[in-house]
Structures are given as structure tokens and as C-alpha cells.
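To be precise, the following lines are coords22.csv, and they hold CSV, N, CA and C atoms.
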```
chain,number,residue,atom,x,y,z
F,112,MET,N,-30.9,51.3,-80.2
F,112,MET,CA,-30.6,52.6,-80.8
F,112,MET,C,-29.8,52.4,-82.0
F,113,ALA,N,-30.0,53.2,-83.1
F,113,ALA,CA,-29.3,53.1,-84.3
F,113,ALA,C,-28.4,54.2,-84.5
F,114,ILE,N,-27.3,53.9,-85.3
F,114,ILE,CA,-26.3,54.9,-85.7
F,114,ILE,C,-26.3,55.1,-87.2
F,115,ILE,N,-26.2,56.3,-87.7
F,115,ILE,CA,-26.2,56.6,-89.1
F,115,ILE,C,-25.0,55.9,-89.7
F,116,CYS,N,-25.2,55.2,-90.8
F,116,CYS,CA,-24.1,54.5,-91.5
F,116,CYS,C,-23.1,55.5,-92.0
F,117,HIS,N,-21.9,55.3,-91.7
F,117,HIS,CA,-20.8,56.2,-92.1
F,117,HIS,C,-20.4,56.0,-93.6
F,118,GLU,N,-20.7,54.8,-94.1
F,118,GLU,CA,-20.3,54.4,-95.4
F,118,GLU,C,-21.2,55.1,-96.5
F,119,CYS,N,-22.5,55.1,-96.2
F,119,CYS,CA,-23.4,55.8,-97.2
F,119,CYS,C,-24.0,57.1,-96.7
F,120,LYS,N,-23.6,57.5,-95.5
F,120,LYS,CA,-24.0,58.7,-94.9
F,120,LYS,C,-25.5,58.8,-94.6
F,121,GLY,N,-26.1,57.6,-94.4
F,121,GLY,CA,-27.5,57.5,-94.1
F,121,GLY,C,-28.5,57.5,-95.3
F,122,ASN,N,-27.9,57.5,-96.5
F,122,ASN,CA,-28.7,57.5,-97.7
F,122,ASN,C,-29.2,56.1,-98.1
F,123,GLY,N,-28.4,55.1,-97.7
F,123,GLY,CA,-28.7,53.7,-98.1
F,123,GLY,C,-28.2,53.3,-99.4
F,124,TYR,N,-27.5,54.2,-100.1
F,124,TYR,CA,-26.9,53.9,-101.4
F,124,TYR,C,-25.7,54.8,-101.7
F,125,HIS,N,-24.9,54.4,-102.7
F,125,HIS,CA,-23.7,55.1,-103.1
F,125,HIS,C,-23.9,55.5,-104.6
F,126,LYS,N,-23.4,56.6,-105.0
F,126,LYS,CA,-23.4,57.0,-106.4
F,126,LYS,C,-22.0,56.7,-106.9
F,127,LEU,N,-21.9,55.9,-107.9
F,127,LEU,CA,-20.6,55.5,-108.5
F,127,LEU,C,-20.5,56.2,-109.8
F,128,ARG,N,-19.2,56.6,-110.1
F,128,ARG,CA,-19.0,57.3,-111.4
F,128,ARG,C,-17.7,56.6,-112.0
F,129,PHE,N,-17.8,56.4,-113.3
F,129,PHE,CA,-16.7,55.8,-114.0
F,129,PHE,C,-16.8,56.5,-115.4
F,130,GLU,N,-15.8,57.3,-115.7
F,130,GLU,CA,-15.7,58.1,-116.9
F,130,GLU,C,-17.0,58.9,-117.0
F,131,ALA,N,-17.8,58.8,-118.0
F,131,ALA,CA,-19.0,59.6,-118.1
F,131,ALA,C,-20.2,59.0,-117.6
F,132,GLU,N,-20.1,57.7,-117.1
F,132,GLU,CA,-21.3,57.0,-116.6
F,132,GLU,C,-21.4,57.2,-115.1
F,133,GLN,N,-22.7,57.1,-114.7
F,133,GLN,CA,-23.0,57.2,-113.3
F,133,GLN,C,-24.0,56.1,-113.0
F,134,SER,N,-23.8,55.4,-111.8
F,134,SER,CA,-24.8,54.4,-111.4
F,134,SER,C,-25.0,54.5,-109.9
F,135,ILE,N,-26.0,53.8,-109.4
F,135,ILE,CA,-26.3,53.8,-108.0
F,135,ILE,C,-26.2,52.4,-107.5
F,136,GLU,N,-25.5,52.2,-106.4
F,136,GLU,CA,-25.4,50.9,-105.8
F,136,GLU,C,-25.9,50.9,-104.4
F,137,GLN,N,-26.7,49.9,-104.0
F,137,GLN,CA,-27.2,49.9,-102.6
F,137,GLN,C,-26.1,49.7,-101.6
F,138,CYS,N,-26.2,50.2,-100.5
F,138,CYS,CA,-25.1,50.1,-99.4
F,138,CYS,C,-25.2,48.7,-98.8
F,139,LYS,N,-24.1,48.0,-98.9
F,139,LYS,CA,-24.0,46.6,-98.4
F,139,LYS,C,-23.7,46.6,-96.9
F,140,VAL,N,-23.1,47.7,-96.3
F,140,VAL,CA,-22.8,47.8,-94.9
F,140,VAL,C,-24.1,47.8,-94.1
F,141,CYS,N,-25.0,48.7,-94.4
F,141,CYS,CA,-26.3,48.8,-93.7
F,141,CYS,C,-27.5,48.2,-94.3
F,142,ASN,N,-27.3,47.4,-95.4
F,142,ASN,CA,-28.4,46.8,-96.2
F,142,ASN,C,-29.4,47.8,-96.6
F,143,SER,N,-28.9,48.9,-97.1
F,143,SER,CA,-29.7,50.0,-97.6
F,143,SER,C,-30.7,50.6,-96.6
F,144,GLN,N,-30.4,50.4,-95.3
F,144,GLN,CA,-31.3,51.0,-94.3
F,144,GLN,C,-30.8,52.4,-93.9
F,145,GLY,N,-29.6,52.8,-94.1
F,145,GLY,CA,-29.1,54.1,-93.7
F,145,GLY,C,-28.6,54.1,-92.3
F,146,GLU,N,-28.9,53.1,-91.5
F,146,GLU,CA,-28.5,53.1,-90.1
F,146,GLU,C,-27.9,51.7,-89.7
F,147,LEU,N,-27.1,51.7,-88.7
F,147,LEU,CA,-26.5,50.5,-88.2
F,147,LEU,C,-27.0,50.3,-86.8
F,148,ASP,N,-27.2,49.1,-86.4
F,148,ASP,CA,-27.7,48.7,-85.0
F,148,ASP,C,-26.4,48.6,-84.1
F,149,GLU,N,-26.3,49.5,-83.1
F,149,GLU,CA,-25.1,49.5,-82.3
F,149,GLU,C,-25.0,48.2,-81.4
F,150,THR,N,-26.1,47.4,-81.3
F,150,THR,CA,-26.0,46.2,-80.5
F,150,THR,C,-25.5,45.0,-81.3
F,151,GLN,N,-25.3,45.2,-82.6
F,151,GLN,CA,-24.8,44.1,-83.5
F,151,GLN,C,-23.3,44.2,-83.5
F,152,TYR,N,-22.7,43.1,-84.0
F,152,TYR,CA,-21.2,43.1,-84.1
F,152,TYR,C,-20.9,43.2,-85.6
F,153,TYR,N,-19.8,43.9,-85.9
F,153,TYR,CA,-19.4,44.2,-87.3
F,153,TYR,C,-17.9,44.0,-87.4
F,154,HIS,N,-17.4,43.6,-88.7
F,154,HIS,CA,-16.0,43.6,-89.0
F,154,HIS,C,-15.6,45.0,-89.3
F,155,GLN,N,-14.5,45.5,-88.6
F,155,GLN,CA,-14.1,46.9,-88.8
F,155,GLN,C,-12.6,46.9,-89.0
F,156,THR,N,-12.1,47.8,-89.8
F,156,THR,CA,-10.6,47.9,-90.0
F,156,THR,C,-10.3,49.4,-90.0
F,157,TRP,N,-9.0,49.7,-89.7
F,157,TRP,CA,-8.5,51.1,-89.8
F,157,TRP,C,-7.0,50.9,-89.9
F,158,THR,N,-6.3,52.0,-90.2
F,158,THR,CA,-4.8,52.1,-90.3
F,158,THR,C,-4.3,52.9,-89.2
F,159,GLU,N,-3.1,52.5,-88.7
F,159,GLU,CA,-2.4,53.2,-87.6
F,159,GLU,C,-0.9,53.0,-87.7
F,160,GLY,N,-0.2,53.9,-87.0
F,160,GLY,CA,1.2,53.9,-87.0
F,160,GLY,C,1.8,54.6,-88.2
F,161,ALA,N,3.1,54.8,-88.1
F,161,ALA,CA,3.9,55.5,-89.2
F,161,ALA,C,3.8,54.7,-90.5
F,162,GLU,N,3.7,53.4,-90.4
F,162,GLU,CA,3.7,52.6,-91.6
F,162,GLU,C,2.3,52.3,-92.1
F,163,ASP,N,1.3,52.9,-91.5
F,163,ASP,CA,-0.1,52.6,-91.8
F,163,ASP,C,-0.5,51.1,-91.8
F,164,SER,N,-0.1,50.4,-90.8
F,164,SER,CA,-0.5,49.0,-90.7
F,164,SER,C,-2.0,48.9,-90.4
F,165,ILE,N,-2.6,47.9,-91.0
F,165,ILE,CA,-4.0,47.7,-90.9
F,165,ILE,C,-4.3,46.9,-89.6
F,166,SER,N,-5.3,47.5,-88.8
F,166,SER,CA,-5.8,46.8,-87.6
F,166,SER,C,-7.2,46.4,-87.9
F,167,SER,N,-7.6,45.3,-87.3
F,167,SER,CA,-9.0,44.8,-87.5
F,167,SER,C,-9.6,44.5,-86.2
F,168,TYR,N,-11.0,44.5,-86.2
F,168,TYR,CA,-11.7,44.3,-84.9
F,168,TYR,C,-13.1,43.8,-85.3
F,169,TYR,N,-13.6,42.9,-84.5
F,169,TYR,CA,-15.0,42.4,-84.7
F,169,TYR,C,-15.7,42.6,-83.4
F,170,GLY,N,-16.7,43.4,-83.4
F,170,GLY,CA,-17.4,43.8,-82.2
F,170,GLY,C,-18.4,44.9,-82.4
F,171,PRO,N,-18.9,45.5,-81.3
F,171,PRO,CA,-19.8,46.7,-81.5
F,171,PRO,C,-19.1,47.8,-82.2
F,172,LEU,N,-19.9,48.7,-82.8
F,172,LEU,CA,-19.3,49.8,-83.6
F,172,LEU,C,-18.4,50.7,-82.8
F,173,LEU,N,-17.3,51.0,-83.4
F,173,LEU,CA,-16.4,52.0,-82.8
F,173,LEU,C,-16.7,53.4,-83.4
F,174,ASP,N,-16.1,54.4,-82.8
F,174,ASP,CA,-16.3,55.8,-83.2
F,174,ASP,C,-15.5,56.0,-84.5
F,175,PRO,N,-16.0,56.2,-85.7
F,175,PRO,CA,-15.2,56.4,-86.9
F,175,PRO,C,-14.3,57.6,-86.9
F,176,GLU,N,-14.7,58.6,-86.1
F,176,GLU,CA,-13.9,59.9,-86.0
F,176,GLU,C,-12.5,59.6,-85.3
F,177,SER,N,-12.4,58.5,-84.6
F,177,SER,CA,-11.2,58.2,-83.8
F,177,SER,C,-10.2,57.4,-84.6
F,178,PHE,N,-10.5,57.0,-85.8
F,178,PHE,CA,-9.6,56.1,-86.5
F,178,PHE,C,-9.3,56.6,-87.9
F,179,LYS,N,-8.1,56.4,-88.4
F,179,LYS,CA,-7.7,56.8,-89.8
F,179,LYS,C,-8.1,55.7,-90.7
F,180,ASN,N,-8.8,56.0,-91.8
F,180,ASN,CA,-9.2,55.1,-92.8
F,180,ASN,C,-10.1,54.0,-92.3
F,181,TYR,N,-11.0,54.4,-91.4
F,181,TYR,CA,-12.0,53.5,-90.7
F,181,TYR,C,-13.0,52.9,-91.8
F,182,LYS,N,-13.2,51.6,-91.7
F,182,LYS,CA,-14.2,51.0,-92.6
F,182,LYS,C,-15.0,49.9,-91.8
F,183,VAL,N,-16.2,49.8,-92.1
F,183,VAL,CA,-17.1,48.7,-91.6
F,183,VAL,C,-17.5,47.9,-92.8
F,184,TYR,N,-17.4,46.6,-92.6
F,184,TYR,CA,-17.7,45.6,-93.7
F,184,TYR,C,-19.1,44.9,-93.4
F,185,PRO,N,-19.7,44.5,-94.5
F,185,PRO,CA,-21.0,43.8,-94.3
F,185,PRO,C,-20.9,42.6,-93.5
F,186,LYS,N,-22.0,42.2,-92.8
F,186,LYS,CA,-22.0,41.0,-92.0
F,186,LYS,C,-21.9,39.7,-92.9
```
Represent the supplied structure as C-alpha cells.
Amino acid sequence: MAIICHECKGNGYHKLRFEAEQSIEQCKVCNSQGELDETQYYHQTWTEGAEDSISSYYGPLLDPESFKNYKVYPK
């Protein structure tokens, strides 16, 4: 079963803006597929605690709604 990539919101790409320029970059987290395979392992980080210390995890996808500043990194 696949999960919608939270990084690109299922689009498979990001729109980048710098000053008056706009460009499109393919999503590296889901390899432009728009979905992540929940059976795969991913590098994931989030912040927690009063000092916003960074925690990291390598394993199946976690629920992004449960973590502050949650990020998934490409394999």
C-alpha cells in the first residue's frame, strides 16, 4: 500500500521561487512518484522538546501529523 508523499503533496514536484523567477524541481523523497511505499525504510527527522532538539529515525514511515517539523529524506 502506498502513502501520499507529504513533501510534494502527491504532485511529484516542487515549485521553487526566487525573487521573480519560478522553477520546478522533481521530488527527491518519492522519486517524482507522488507516493511512498510504507513497506520501505526512510530516514526521518523531527524536532521535539522546549529546545527543539532534532530527533532522527530510520524505519517505516511515521505519521507526519504527530511530529513537529517532520521531514523524510531520500533513500
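Interatomic distance, atom CA of Asp148 of chain F against atom CA of Lys182 of chain F: 15.7 Å.
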- Can you tell me, as a ChimeraX atom specification, what residues are no more than 8 Å from segment 125-140 of chain F when counting only C-alpha atoms, ignoring any on the same chain fewer than 3 positions away? /F:116,118-119,122,143,183-186
Could the residues in this selection be saved with N, CA and C atoms as a short mmCIF file (atom, residue, chain, number, x, y, z; two decimals), keeping the file's coordinate frame?
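What follows is the written file out_2.cif:
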```cif
data_model
loop_
_atom_site.label_atom_id
_atom_site.label_comp_id
_atom_site.auth_asym_id
_atom_site.auth_seq_id
_atom_site.Cartn_x
_atom_site.Cartn_y
_atom_site.Cartn_z
N CYS F 116 -25.20 55.20 -90.80
CA CYS F 116 -24.10 54.50 -91.50
C CYS F 116 -23.10 55.50 -92.00
N GLU F 118 -20.70 54.80 -94.10
CA GLU F 118 -20.30 54.40 -95.40
C GLU F 118 -21.20 55.10 -96.50
N CYS F 119 -22.50 55.10 -96.20
CA CYS F 119 -23.40 55.80 -97.20
C CYS F 119 -24.00 57.10 -96.70
N ASN F 122 -27.90 57.50 -96.50
CA ASN F 122 -28.70 57.50 -97.70
C ASN F 122 -29.20 56.10 -98.10
N SER F 143 -28.90 48.90 -97.10
CA SER F 143 -29.70 50.00 -97.60
C SER F 143 -30.70 50.60 -96.60
N VAL F 183 -16.20 49.80 -92.10
CA VAL F 183 -17.10 48.70 -91.60
C VAL F 183 -17.50 47.90 -92.80
N TYR F 184 -17.40 46.60 -92.60
CA TYR F 184 -17.70 45.60 -93.70
C TYR F 184 -19.10 44.90 -93.40
N PRO F 185 -19.70 44.50 -94.50
CA PRO F 185 -21.00 43.80 -94.30
C PRO F 185 -20.90 42.60 -93.50
N LYS F 186 -22.00 42.20 -92.80
CA LYS F 186 -22.00 41.00 -92.00
C LYS F 186 -21.90 39.70 -92.90
#
```
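The space between atom CA of Gly145 of chain F and atom CA of Leu173 of chain F spans 16.9 Å.
Between atom CA of Cys141 of chain F and atom CA of Asp163 of chain F the interatomic distance comes to 26.5 Å.
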- Using only N, CA and C atoms, determine which residues lie at most 6.5 Å from Tyr181 of chain F, disregarding the query and same-chain residues fewer than 4 positions distant; provide the list as a VMD selection string. chain F and resid 156 to 158 175
- Task: Name the residues of chain F that come out as strand (DSSP E) in a backbone DSSP run; write them as a PyMOL selection string.
- Result: chain F and resi 113-115+124-129+132-137+146-148+153-159+164-170+179-184
- Who sits within 6.5 Å of Pro171 of chain F, only N, CA and C atoms, same chain under 6 positions skipped, as a ChimeraX atom specification: /F:149-153
- Item | Pick from F:Glu159, F:His154, F:Leu147, F:Ser167 nearest to Ile114 of chain F, counting only C-alpha atoms | F:Leu147
